[in-house]
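Below is structure29.pdb, which holds PDB, C-alpha atoms.
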```pdb
MODEL        1
ATOM      1  CA  MET A   1       7.994 -32.927 -23.348
ATOM      2  CA  LEU A   2       7.098 -29.809 -21.387
ATOM      3  CA  ALA A   3       9.203 -29.093 -18.330
ATOM      4  CA  SER A   4       6.723 -26.590 -16.959
ATOM      5  CA  LEU A   5       3.329 -25.108 -17.627
ATOM      6  CA  LEU A   6       2.245 -21.997 -15.802
ATOM      7  CA  ILE A   7      -1.037 -20.247 -16.303
ATOM      8  CA  GLU A   8      -1.495 -17.103 -14.323
ATOM      9  CA  ILE A   9      -4.406 -14.694 -14.334
ATOM     10  CA  LEU A  10      -3.523 -11.214 -13.189
ATOM     11  CA  GLY A  11      -6.272  -8.713 -12.435
ATOM     12  CA  ARG A  12      -5.410  -5.020 -12.411
ATOM     13  CA  GLY A  13      -8.161  -2.466 -12.197
ATOM     14  CA  ASN A  14     -10.533  -3.184 -15.070
ATOM     15  CA  CYS A  15      -7.879  -5.054 -17.071
ATOM     16  CA  TYR A  16      -7.269  -8.804 -16.941
ATOM     17  CA  HIS A  17      -4.311 -10.474 -18.550
ATOM     18  CA  ILE A  18      -3.927 -14.194 -19.043
ATOM     19  CA  ILE A  19      -0.315 -15.161 -19.314
ATOM     20  CA  THR A  20       0.429 -18.676 -20.501
ATOM     21  CA  ILE A  21       4.009 -19.783 -20.312
ATOM     22  CA  ILE A  22       4.933 -23.101 -21.896
ATOM     23  CA  GLU A  23       8.668 -23.637 -21.928
ATOM     24  CA  GLU A  24      11.298 -26.231 -21.327
ATOM     25  CA  ASN A  25      13.771 -23.784 -19.783
ATOM     26  CA  TYR A  26      11.892 -21.741 -17.209
ATOM     27  CA  LEU A  27      14.634 -19.830 -15.386
ATOM     28  CA  LEU A  28      13.269 -17.507 -12.714
ATOM     29  CA  ARG A  29      15.290 -14.564 -11.430
ATOM     30  CA  GLN A  30      14.451 -13.435  -7.899
ATOM     31  CA  ALA A  31      14.708  -9.668  -7.615
ATOM     32  CA  VAL A  32      13.879  -6.664  -5.452
ATOM     33  CA  GLY A  33      12.503  -3.284  -6.445
ATOM     34  CA  ALA A  34      11.393   0.021  -4.986
ATOM     35  CA  ILE A  35       8.620   2.513  -5.473
ATOM     36  CA  ILE A  36      10.472   5.575  -4.205
ATOM     37  CA  ARG A  37       8.531   8.475  -2.653
ATOM     38  CA  TYR A  38       9.992  11.913  -2.170
ATOM     39  CA  GLN A  39       7.960  14.844  -0.849
ATOM     40  CA  GLY A  40       4.714  13.665  -2.455
ATOM     41  CA  ASN A  41       6.362  12.733  -5.768
ATOM     42  CA  TYR A  42       7.981   9.544  -7.070
ATOM     43  CA  ILE A  43      11.493   8.850  -8.321
ATOM     44  CA  LEU A  44      11.976   6.779 -11.486
ATOM     45  CA  ILE A  45      15.153   5.724 -13.265
ATOM     46  CA  HIS A  46      15.833   5.672 -17.021
ATOM     47  CA  LYS A  47      17.638   2.449 -17.931
ATOM     48  CA  VAL A  48      19.677   2.348 -21.160
ATOM     49  CA  LYS A  49      21.809  -0.789 -20.707
ATOM     50  CA  ILE A  50      21.529  -4.306 -19.345
ATOM     51  CA  MET A  51      24.341  -6.442 -18.029
ATOM     52  CA  GLU A  52      25.041  -9.728 -19.786
ATOM     53  CA  LYS A  53      26.322 -12.820 -17.987
ATOM     54  CA  ALA A  54      29.898 -11.708 -18.671
ATOM     55  CA  ASN A  55      29.115  -8.350 -16.983
ATOM     56  CA  SER A  56      29.502  -6.463 -20.223
ATOM     57  CA  PRO A  57      26.827  -3.810 -20.796
ATOM     58  CA  VAL A  58      24.505  -4.087 -23.788
ATOM     59  CA  ASP A  59      22.619  -1.034 -25.063
ATOM     60  CA  ILE A  60      18.822  -1.179 -24.967
ATOM     61  CA  LYS A  61      16.107   1.234 -25.965
ATOM     62  CA  GLY A  62      15.716   3.580 -22.990
ATOM     63  CA  GLU A  63      12.987   2.652 -20.518
ATOM     64  CA  TRP A  64      11.590   4.377 -17.440
ATOM     65  CA  ASP A  65      11.102   2.082 -14.470
ATOM     66  CA  PHE A  66      11.415   1.592 -10.741
ATOM     67  CA  VAL A  67      14.786   0.740  -9.237
ATOM     68  CA  LYS A  68      14.936  -3.054  -9.612
ATOM     69  CA  GLY A  69      17.556  -5.746  -9.710
ATOM     70  CA  GLY A  70      18.428  -9.331  -8.985
ATOM     71  CA  ILE A  71      19.207 -10.732  -5.559
ATOM     72  CA  MET A  72      22.814 -11.934  -5.401
ATOM     73  CA  PRO A  73      23.428 -15.429  -3.961
ATOM     74  CA  GLN A  74      25.562 -14.040  -1.114
ATOM     75  CA  GLU A  75      22.922 -11.528   0.047
ATOM     76  CA  LYS A  76      21.391 -12.613   3.323
ATOM     77  CA  SER A  77      18.163 -10.623   3.018
ATOM     78  CA  LYS A  78      15.917  -8.903   0.498
ATOM     79  CA  GLU A  79      16.508  -5.640   2.355
ATOM     80  CA  LYS A  80      20.292  -5.871   1.843
ATOM     81  CA  ALA A  81      19.726  -6.559  -1.855
ATOM     82  CA  LEU A  82      17.340  -3.595  -2.041
ATOM     83  CA  PHE A  83      19.826  -1.169  -0.485
ATOM     84  CA  ARG A  84      22.554  -2.415  -2.848
ATOM     85  CA  GLU A  85      20.284  -1.798  -5.857
ATOM     86  CA  LEU A  86      19.284   1.635  -4.537
ATOM     87  CA  LYS A  87      22.958   2.549  -4.112
ATOM     88  CA  GLU A  88      23.918   1.261  -7.599
ATOM     89  CA  GLU A  89      21.045   2.926  -9.432
ATOM     90  CA  THR A  90      20.717   6.193  -7.465
ATOM     91  CA  GLY A  91      24.087   6.631  -5.754
ATOM     92  CA  SER A  92      22.440   6.901  -2.330
ATOM     93  CA  ILE A  93      21.471   4.747   0.642
ATOM     94  CA  ASN A  94      19.507   7.576   2.244
ATOM     95  CA  PHE A  95      16.221   5.652   2.117
ATOM     96  CA  SER A  96      13.741   4.324   4.671
ATOM     97  CA  ILE A  97      11.667   1.230   3.980
ATOM     98  CA  MET A  98       8.010   2.046   4.569
ATOM     99  CA  ARG A  99       6.634  -1.389   3.664
ATOM    100  CA  GLU A 100       7.224  -4.610   1.759
ATOM    101  CA  TYR A 101       4.386  -5.513  -0.582
ATOM    102  CA  SER A 102       3.052  -9.069  -0.448
ATOM    103  CA  GLU A 103       2.080  -8.837  -4.139
ATOM    104  CA  LYS A 104       5.010  -9.616  -6.470
ATOM    105  CA  LEU A 105       5.823  -7.860  -9.737
ATOM    106  CA  ARG A 106       6.202 -10.682 -12.290
ATOM    107  CA  PHE A 107       7.143 -10.606 -15.945
ATOM    108  CA  VAL A 108       8.699 -12.529 -18.802
ATOM    109  CA  PHE A 109      11.946 -11.121 -20.170
ATOM    110  CA  PRO A 110      11.890 -10.220 -23.882
ATOM    111  CA  LYS A 111      13.788 -12.752 -26.033
ATOM    112  CA  GLU A 112      16.712 -10.369 -26.580
ATOM    113  CA  VAL A 113      17.144  -9.980 -22.806
ATOM    114  CA  GLN A 114      16.896 -13.715 -22.116
ATOM    115  CA  GLN A 115      20.515 -13.993 -23.233
ATOM    116  CA  THR A 116      21.368 -12.923 -19.675
ATOM    117  CA  GLY A 117      20.341 -16.427 -18.604
ATOM    118  CA  PHE A 118      16.848 -15.854 -17.184
ATOM    119  CA  THR A 119      13.453 -16.149 -18.845
ATOM    120  CA  HIS A 120      11.273 -14.689 -16.059
ATOM    121  CA  GLN A 121      11.564 -12.372 -13.079
ATOM    122  CA  GLU A 122       9.670 -12.251  -9.789
ATOM    123  CA  THR A 123      10.302  -8.999  -7.945
ATOM    124  CA  THR A 124       9.605  -8.344  -4.288
ATOM    125  CA  MET A 125       8.606  -4.684  -4.245
ATOM    126  CA  PHE A 126       9.053  -2.186  -1.424
ATOM    127  CA  LEU A 127       7.687   1.277  -0.798
ATOM    128  CA  VAL A 128      10.624   3.447   0.270
ATOM    129  CA  GLU A 129      11.022   7.079   1.209
ATOM    130  CA  PHE A 130      14.036   9.074   0.000
ATOM    131  CA  ASN A 131      15.391  11.182   2.874
ATOM    132  CA  GLY A 132      18.071  13.175   1.087
ATOM    133  CA  ASP A 133      18.505  15.907  -1.501
ATOM    134  CA  VAL A 134      17.492  14.844  -5.036
ATOM    135  CA  SER A 135      20.378  16.845  -6.501
ATOM    136  CA  ASP A 136      22.688  14.264  -4.882
ATOM    137  CA  LEU A 137      21.162  11.341  -6.824
ATOM    138  CA  LYS A 138      23.652  10.058  -9.399
ATOM    139  CA  PRO A 139      23.695   6.462 -10.694
ATOM    140  CA  LEU A 140      26.879   4.502 -10.006
ATOM    141  CA  ASP A 141      26.541   2.060 -12.881
ATOM    142  CA  GLN A 142      26.335   2.360 -16.663
ATOM    143  CA  GLU A 143      22.792   0.969 -16.852
ATOM    144  CA  ILE A 144      21.087   4.218 -15.773
ATOM    145  CA  ASP A 145      21.426   7.582 -17.534
ATOM    146  CA  GLN A 146      18.706   9.619 -15.763
ATOM    147  CA  ILE A 147      16.912   9.871 -12.446
ATOM    148  CA  ALA A 148      13.798  12.053 -12.333
ATOM    149  CA  LEU A 149      10.858  13.063 -10.145
ATOM    150  CA  PHE A 150       7.267  12.559 -11.270
ATOM    151  CA  SER A 151       3.905  13.355  -9.715
ATOM    152  CA  LYS A 152       1.652  10.454  -8.783
ATOM    153  CA  GLU A 153      -0.481  11.199 -11.846
ATOM    154  CA  GLU A 154       2.535  11.216 -14.211
ATOM    155  CA  VAL A 155       4.068   7.906 -13.089
ATOM    156  CA  CYS A 156       1.748   5.554 -15.034
ATOM    157  CA  ASN A 157       2.165   7.602 -18.210
ATOM    158  CA  THR A 158       5.958   7.567 -17.819
ATOM    159  CA  LEU A 159       6.646   3.935 -16.872
ATOM    160  CA  THR A 160       7.615   1.876 -19.919
ATOM    161  CA  HIS A 161       6.438  -1.591 -18.871
ATOM    162  CA  LEU A 162       2.790  -2.561 -18.492
ATOM    163  CA  GLU A 163       3.538  -4.741 -15.447
ATOM    164  CA  SER A 164       5.139  -1.802 -13.636
ATOM    165  CA  LYS A 165       2.233   0.496 -14.551
ATOM    166  CA  GLU A 166      -0.289  -2.032 -13.276
ATOM    167  CA  PHE A 167       1.643  -2.590 -10.050
ATOM    168  CA  PHE A 168       1.792   1.162  -9.352
ATOM    169  CA  GLN A 169      -1.899   1.526 -10.132
ATOM    170  CA  LEU A 170      -2.830  -1.321  -7.818
ATOM    171  CA  MET A 171      -0.521  -0.404  -4.919
ATOM    172  CA  ILE A 172      -0.573   3.412  -5.016
ATOM    173  CA  LEU A 173      -3.363   4.854  -7.173
ATOM    174  CA  GLU A 174      -6.140   2.520  -6.012
ATOM    175  CA  LYS A 175      -5.270   2.787  -2.310
TER
ENDMDL
END
```

Produce structure tokens that represent the structure in this file.
Amino acid sequence: MLASLLIEILGRGNCYHIITIIEENYLLRQAVGAIIRYQGNYILIHKVKIMEKANSPVDIKGEWDFVKGGIMPQEKSKEKALFRELKEETGSINFSIMREYSEKLRFVFPKEVQQTGFTHQETTMFLVEFNGDVSDLKPLDQEIDQIALFSKEEVCNTLTHLESKEFFQLMILEK
């Protein structure tokens, strides 16, 4: 018997994706993420590890993405979770929130990542401005090995995941 059936149609630009999820164990991770602006450019992180349930890092193929991460049960707000993730992944809290997007970034974790306990993620995304010196950005955790600046035009070509590319296109490029 099916525990859940979710059919979602996502429209992005001229592309439409129909995602059908039929699973017994639909475990949704609530997360926050940031599109980070800095002097007309955008900051992306290069992730090379994921954390398993036991907090032991597992190597993954490197992927360029926005700062993103799960909301911890003890965090009282999405903003607190966002600043924690920004600090962990960039080493800084020198950011200003410009806006919270109402549109969520949603995706299904690949099977090899589902060992962390979640099958899906729904990310509340924010547009933030970095107010510091980029030479001071240094990740505090083992998951990230690079932080880099990209022009608006380069971001979509650099991002690894289709969902992130489509979100950036919808929220930044088409505005």

Give one line per residue of segment 34-63 of chain A that approaches segment 133-136 of chain A to at most 12 Å, naming the two atoms of the closest pair and their distance in Å to one decimal, counting all atoms listed in the file; sort by chain then ascending residue number and deliver it as a tab-separated table.
```
residue	atom	partner	partner_atom	distance
A:Ile36	CA	A:Val134	CA	11.7
A:Arg37	CA	A:Val134	CA	11.2
A:Tyr38	CA	A:Val134	CA	8.5
A:Gln39	CA	A:Val134	CA	10.4
A:Asn41	CA	A:Val134	CA	11.4
A:Tyr42	CA	A:Val134	CA	11.1
A:Ile43	CA	A:Val134	CA	9.1
A:Leu44	CA	A:Val134	CA	11.7
```

*Selection result of the PyMOL selection byres ((chain A and resi 97) around 12) on this file, as an NGL selection string*: :A and (33-37 or 78-80 or 82-83 or 86 or 93-96 or 98-101 or 125-131)

*Step by step, work through what the PyMOL selection byres ((chain A and resi 91) around 9) selects in the shown file, and finish by giving those residues as an NGL selection string.*
:A and (86-90 or 92-93 or 136-141)

_For atom CA of Val48 of chain A and atom CA of Val108 of chain A, the interatomic separation in Å (one decimal)_ =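 We find that atom CA of Val48 of chain A and atom CA of Val108 of chain A lie 18.6 Å from each other.
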
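Neighbourhood of point (18.2, 6.8, -20.7): residues with an atom at most 6 Å away, counting all atoms listed in the file, are His46, Lys47, Val48, Gly62, Asp145 and Gln146 of chain A.
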
*asked:* Just checking: using all atoms listed in the file, which residue out of A:Gly40, A:Ile45, A:Tyr26, A:Lys175 ends up closest to Ala148 of chain A?
replied: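 Using all atoms listed in the file, Ala148 of chain A sits closest to A:Ile45.
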
*Using all atoms listed in the file, pick whichever of A:Thr124, A:Phe109, A:Val32, A:Gln169 has the shortest atom-to-atom distance to Asn157 of chain A.*
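The shortest atom-to-atom distance to Asn157 of chain A comes from A:Gln169.
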
*asked:* Once the PyMOL selection byres ((chain A and resi 105) around 8) has been evaluated on this model, what residues remain selected, and can you format them as a ChimeraX atom specification?
replied: /A:103-104,106-107,122-125,163-164,167

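With distances restricted to all atoms listed in the file, A:Glu143 is the closest residue to Asp59 of chain A from A:Glu166, A:Glu75, A:Glu174, A:Glu143.
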
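Taking atom CA of Trp64 of chain A and atom CA of Leu149 of chain A as endpoints, the distance between them is 11.4 Å.
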
With 4 Å added on each side, what axis-aligned box encloses every listed atom of segment 37-53 of chain A? Give the centre and edge lengths in Å to one decimal, as JSON.
```
{"center_x": 15.5, "center_y": 1.0, "center_z": -11.0, "size_x": 29.6, "size_y": 35.7, "size_z": 28.3}
```

*Which distance in Å separates atom CA of Leu27 of chain A and atom CA of Cys156 of chain A, to one decimal?*
28.5 Å

_Set the distance at 6 Å and use all atoms listed in the file: which residues neighbour Ala31 of chain A once local chain neighbours fewer than 3 positions away are removed? I'd like the list as a PyMOL selection string._
chain A and resi 69-71+123

Selected residues written out, C-alpha atoms, as a PDB file, in the frame of the given file:
```
ATOM      1  CA  GLY A  69      17.556  -5.746  -9.710  1.00  0.00           C
ATOM      2  CA  GLY A  70      18.428  -9.331  -8.985  1.00  0.00           C
ATOM      3  CA  ILE A  71      19.207 -10.732  -5.559  1.00  0.00           C
ATOM      4  CA  THR A 123      10.302  -8.999  -7.945  1.00  0.00           C
TER       5      THR A 123
END
```

*Of the candidates A:Ser151, A:Ser102, A:Gln121, A:Gln142, which shows the shortest atom-to-atom distance to Ile60 of chain A, using all atoms listed in the file?*
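Looking only at the distances to Ile60 of chain A, the closest residue turns out to be A:Gln142.
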
If we count only C-alpha atoms, what is near Leu173 of chain A at a cut-off of 9 Å, once residues fewer than 4 positions away on the same chain are taken out, given as a JSON list (two decimals) with C-alpha atoms, keeping the file's coordinate frame?
```
[["chain", "number", "residue", "atom", "x", "y", "z"],
["A", 152, "LYS", "CA", 1.65, 10.45, -8.78],
["A", 153, "GLU", "CA", -0.48, 11.20, -11.85],
["A", 168, "PHE", "CA", 1.79, 1.16, -9.35],
["A", 169, "GLN", "CA", -1.90, 1.53, -10.13]]
```
